[in-house]
Amino acid sequence: MDLDTVRTFVAAADARQFQEAAAELAVTQQAVSKRIAALERDLGVRLFTRTPRGAELTIDGQAFLPHARELLRVAERAVASVRPGRRPLRVDVIASRVAPSGLMRGFHRAHPEVDLDVVMLFDVETAIAAIRSGAIDASFRAVAAPGRPLPEDIESVRVLDEPLQLLTGPAHALAGARSVTVAQLAGHRIWMPGIVPGTEWGAYYDDLVAAFGLTIEATGPNFGSDALLDTVADTPALATFMGEQTLPQLPLGGAPTVWPAGHGLRRIPVTDPTPVYPHSLLWHRDNPHPALATLRAHLAAAAAAGGRGAAGTWVPDWVMPR
């Protein structure tokens, strides 16, 4: 159904004069008459009847009017859903308990006026395809993994270097340490069932193992972070890596944790050097959404305040420079 004819019908119904409807729509009265006639042909009914007082709705016209208004409302919502500046800013944060999710929560607190849609995509290829298609506006990723340069139309900026910390149960040999060096981790079993070969985080941990001779096991199904924490808490021989901002409610340096209650988990800073996970923001260079610039400015300010790129940290050689 032609929305121009529907819009003309509603204007004429409200004005009860074709001439007034024409003035409101900035068209001629003849154009209004032609549109109404075309709509009546499509519907097979008369919508108006001429009277001395102007154009009055017929019974069919009265029945059609609320549906015509709803058609116009639906059309407006459809346009708003994809129009930059009117639709929400859509951002991929990978998962709910990782640092990018925290960054977006901070952005929402600082800019509550910006409507947000937060999504969680699995791998960088999926995220890039969604950025290029316009399905999302931005994604947080570690780029670029070896042999996978970003497409020329994708921009990126490194926004957060998140220190890795060792997470252990209360009976682990390192549970009482205030900090550990990377060298001290050699020989300890670090269990990370969430690592998936071919992903950017898989490439990151492969290089970490190669650089420092660590033992990282990715065996077994990944039942999520709750199951991982349960196993680490109950197994003295196992530890895992967690980003500093991944579970912010866990206190540092050998103290019992607040969450999950009763686990007695410890998270311990890693030093000499500190491995940091490099989170970058990706977006399409031609994306016109005005809130994207607001997000980039917010992340740049947060990165400057956090003193990213501190000495004594480690990232793989393939990570994009700051």
# chains A, B, ... in the order shown; residues from 1 in each chain; ligands from 1

call {"tool": "select_by_dssp", "arguments": {"residues": "stretch 31-262 of chain A", "states": "strand (DSSP E)", "output": "PyMOL selection string"}}
result
chain A and resi 48-51+54-57+89-92+116-119+138-141+154-168+180-181+189-191+215-217+238-243

call {"tool": "residues_around", "arguments": {"residues": "A:Glu40", "least_positions_apart": "4", "cutoff": "12 Å", "atoms": "only C-alpha atoms", "output": "number ranges by chain"}}
result
A: 1-2, 5-6, 9, 33-36, 44-49, 58, 60-61, 64

call {"tool": "write_last_selection", "arguments": {"atoms": "N, CA and C atoms", "output": "compact mmCIF listing (two decimals), in the first residue's frame"}}
result
# COMPACT_ATOMS: atom_id res chain seq x y z
N MET A 1 0.85 -1.20 0.00
CA MET A 1 0.00 0.00 0.00
C MET A 1 0.88 1.24 0.00
N ASP A 2 0.55 2.17 -0.88
CA ASP A 2 1.33 3.40 -1.02
C ASP A 2 1.11 4.28 0.21
N THR A 5 -0.46 7.81 -0.28
CA THR A 5 -1.92 7.88 -0.38
C THR A 5 -2.57 7.73 0.99
N VAL A 6 -1.99 6.87 1.84
CA VAL A 6 -2.52 6.70 3.20
C VAL A 6 -2.34 7.99 3.99
N PHE A 9 -4.88 10.45 2.83
CA PHE A 9 -6.21 10.11 3.35
C PHE A 9 -6.37 10.60 4.80
N SER A 33 -6.84 14.84 -4.62
CA SER A 33 -7.98 14.11 -5.20
C SER A 33 -7.52 12.85 -5.91
N LYS A 34 -6.41 12.94 -6.66
CA LYS A 34 -5.91 11.77 -7.39
C LYS A 34 -5.44 10.67 -6.42
N ARG A 35 -4.80 11.07 -5.34
CA ARG A 35 -4.33 10.07 -4.38
C ARG A 35 -5.51 9.38 -3.69
N ILE A 36 -6.50 10.15 -3.31
CA ILE A 36 -7.66 9.54 -2.66
C ILE A 36 -8.36 8.60 -3.63
N GLY A 44 -11.35 -0.70 -3.17
CA GLY A 44 -12.65 -1.10 -3.72
C GLY A 44 -13.84 -0.52 -2.99
N VAL A 45 -13.60 0.60 -2.28
CA VAL A 45 -14.69 1.24 -1.54
C VAL A 45 -14.57 2.75 -1.69
N ARG A 46 -15.68 3.47 -1.36
CA ARG A 46 -15.62 4.92 -1.27
C ARG A 46 -15.22 5.29 0.14
N LEU A 47 -14.25 6.23 0.27
CA LEU A 47 -13.78 6.66 1.58
C LEU A 47 -14.38 8.00 2.00
N PHE A 48 -14.70 8.83 1.04
CA PHE A 48 -15.26 10.16 1.33
C PHE A 48 -16.54 10.36 0.53
N THR A 49 -17.37 11.19 1.06
CA THR A 49 -18.52 11.68 0.31
C THR A 49 -18.51 13.20 0.41
N THR A 58 -17.07 8.25 4.73
CA THR A 58 -18.12 7.24 4.66
C THR A 58 -17.94 6.26 5.82
N ASP A 60 -17.11 3.20 5.48
CA ASP A 60 -15.86 2.49 5.17
C ASP A 60 -14.65 3.36 5.50
N GLY A 61 -14.76 4.66 5.23
CA GLY A 61 -13.67 5.57 5.57
C GLY A 61 -13.42 5.62 7.06
N PHE A 64 -11.64 2.51 8.11
CA PHE A 64 -10.24 2.43 7.66
C PHE A 64 -9.33 3.40 8.40

call {"tool": "closest_residue", "arguments": {"among": "A:Ala239, A:Ala13, A:Ile136, A:Ala305", "to": "A:Leu185", "atoms": "only C-alpha atoms"}}
result
A:Ala239

call {"tool": "residues_around", "arguments": {"residues": "A:Gly102", "least_positions_apart": "2", "cutoff": "10 Å", "atoms": "only C-alpha atoms", "output": "ChimeraX atom specification"}}
result
/A:93,96-100,104-108,245-248

call {"tool": "closest_residue", "arguments": {"among": "A:Val91, A:Ala12, A:Val159, A:Leu121", "to": "A:Gln29", "atoms": "only C-alpha atoms"}}
result
A:Ala12

call {"tool": "decode", "arguments": {"residues": "stretch 207-229 of chain A", "atoms": "N, CA and C atoms", "output": "JSON list (two decimals), in the first residue's frame"}}
result
[["chain", "number", "residue", "atom", "x", "y", "z"],
["A", 207, "ASP", "N", 50.09, -17.17, 22.21],
["A", 207, "ASP", "CA", 51.34, -16.40, 22.27],
["A", 207, "ASP", "C", 51.83, -16.26, 23.71],
["A", 208, "LEU", "N", 50.92, -16.15, 24.66],
["A", 208, "LEU", "CA", 51.32, -16.07, 26.06],
["A", 208, "LEU", "C", 52.02, -17.35, 26.50],
["A", 209, "VAL", "N", 51.48, -18.48, 26.10],
["A", 209, "VAL", "CA", 52.12, -19.78, 26.41],
["A", 209, "VAL", "C", 53.50, -19.85, 25.78],
["A", 210, "ALA", "N", 53.59, -19.46, 24.51],
["A", 210, "ALA", "CA", 54.87, -19.54, 23.81],
["A", 210, "ALA", "C", 55.91, -18.60, 24.40],
["A", 211, "ALA", "N", 55.48, -17.44, 24.85],
["A", 211, "ALA", "CA", 56.43, -16.45, 25.36],
["A", 211, "ALA", "C", 56.99, -16.81, 26.72],
["A", 212, "PHE", "N", 56.21, -17.48, 27.56],
["A", 212, "PHE", "CA", 56.62, -17.67, 28.96],
["A", 212, "PHE", "C", 56.62, -19.12, 29.41],
["A", 213, "GLY", "N", 56.37, -20.06, 28.50],
["A", 213, "GLY", "CA", 56.43, -21.46, 28.86],
["A", 213, "GLY", "C", 55.36, -21.88, 29.85],
["A", 214, "LEU", "N", 54.18, -21.31, 29.74],
["A", 214, "LEU", "CA", 53.10, -21.64, 30.66],
["A", 214, "LEU", "C", 52.34, -22.88, 30.19],
["A", 215, "THR", "N", 51.56, -23.44, 31.10],
["A", 215, "THR", "CA", 50.71, -24.58, 30.77],
["A", 215, "THR", "C", 49.27, -24.14, 30.90],
["A", 216, "ILE", "N", 48.62, -23.90, 29.78],
["A", 216, "ILE", "CA", 47.21, -23.53, 29.76],
["A", 216, "ILE", "C", 46.42, -24.66, 29.13],
["A", 217, "GLU", "N", 45.46, -25.20, 29.87],
["A", 217, "GLU", "CA", 44.64, -26.31, 29.40],
["A", 217, "GLU", "C", 43.25, -25.78, 29.03],
["A", 218, "ALA", "N", 42.82, -26.11, 27.83],
["A", 218, "ALA", "CA", 41.50, -25.69, 27.37],
["A", 218, "ALA", "C", 40.57, -26.88, 27.23],
["A", 219, "THR", "N", 40.89, -27.98, 27.92],
["A", 219, "THR", "CA", 40.13, -29.21, 27.79],
["A", 219, "THR", "C", 38.79, -29.11, 28.51],
["A", 220, "GLY", "N", 37.87, -29.96, 28.07],
["A", 220, "GLY", "CA", 36.56, -30.03, 28.72],
["A", 220, "GLY", "C", 35.59, -29.02, 28.17],
["A", 221, "PRO", "N", 34.29, -29.28, 28.38],
["A", 221, "PRO", "CA", 33.27, -28.34, 27.89],
["A", 221, "PRO", "C", 33.27, -27.06, 28.70],
["A", 222, "ASN", "N", 32.85, -26.00, 28.05],
["A", 222, "ASN", "CA", 32.77, -24.70, 28.72],
["A", 222, "ASN", "C", 31.33, -24.49, 29.19],
["A", 223, "PHE", "N", 31.12, -24.66, 30.49],
["A", 223, "PHE", "CA", 29.78, -24.48, 31.07],
["A", 223, "PHE", "C", 29.58, -23.08, 31.62],
["A", 224, "GLY", "N", 30.49, -22.16, 31.32],
["A", 224, "GLY", "CA", 30.34, -20.80, 31.78],
["A", 224, "GLY", "C", 31.18, -20.50, 33.01],
["A", 225, "SER", "N", 31.17, -19.22, 33.40],
["A", 225, "SER", "CA", 32.06, -18.77, 34.47],
["A", 225, "SER", "C", 31.69, -19.36, 35.82],
["A", 226, "ASP", "N", 30.39, -19.56, 36.09],
["A", 226, "ASP", "CA", 30.01, -20.12, 37.39],
["A", 226, "ASP", "C", 30.60, -21.51, 37.58],
["A", 227, "ALA", "N", 30.49, -22.36, 36.55],
["A", 227, "ALA", "CA", 31.04, -23.71, 36.64],
["A", 227, "ALA", "C", 32.56, -23.67, 36.74],
["A", 228, "LEU", "N", 33.20, -22.75, 36.01],
["A", 228, "LEU", "CA", 34.65, -22.61, 36.08],
["A", 228, "LEU", "C", 35.09, -22.25, 37.50],
["A", 229, "LEU", "N", 34.41, -21.30, 38.13],
["A", 229, "LEU", "CA", 34.77, -20.89, 39.48],
["A", 229, "LEU", "C", 34.53, -22.02, 40.48]]
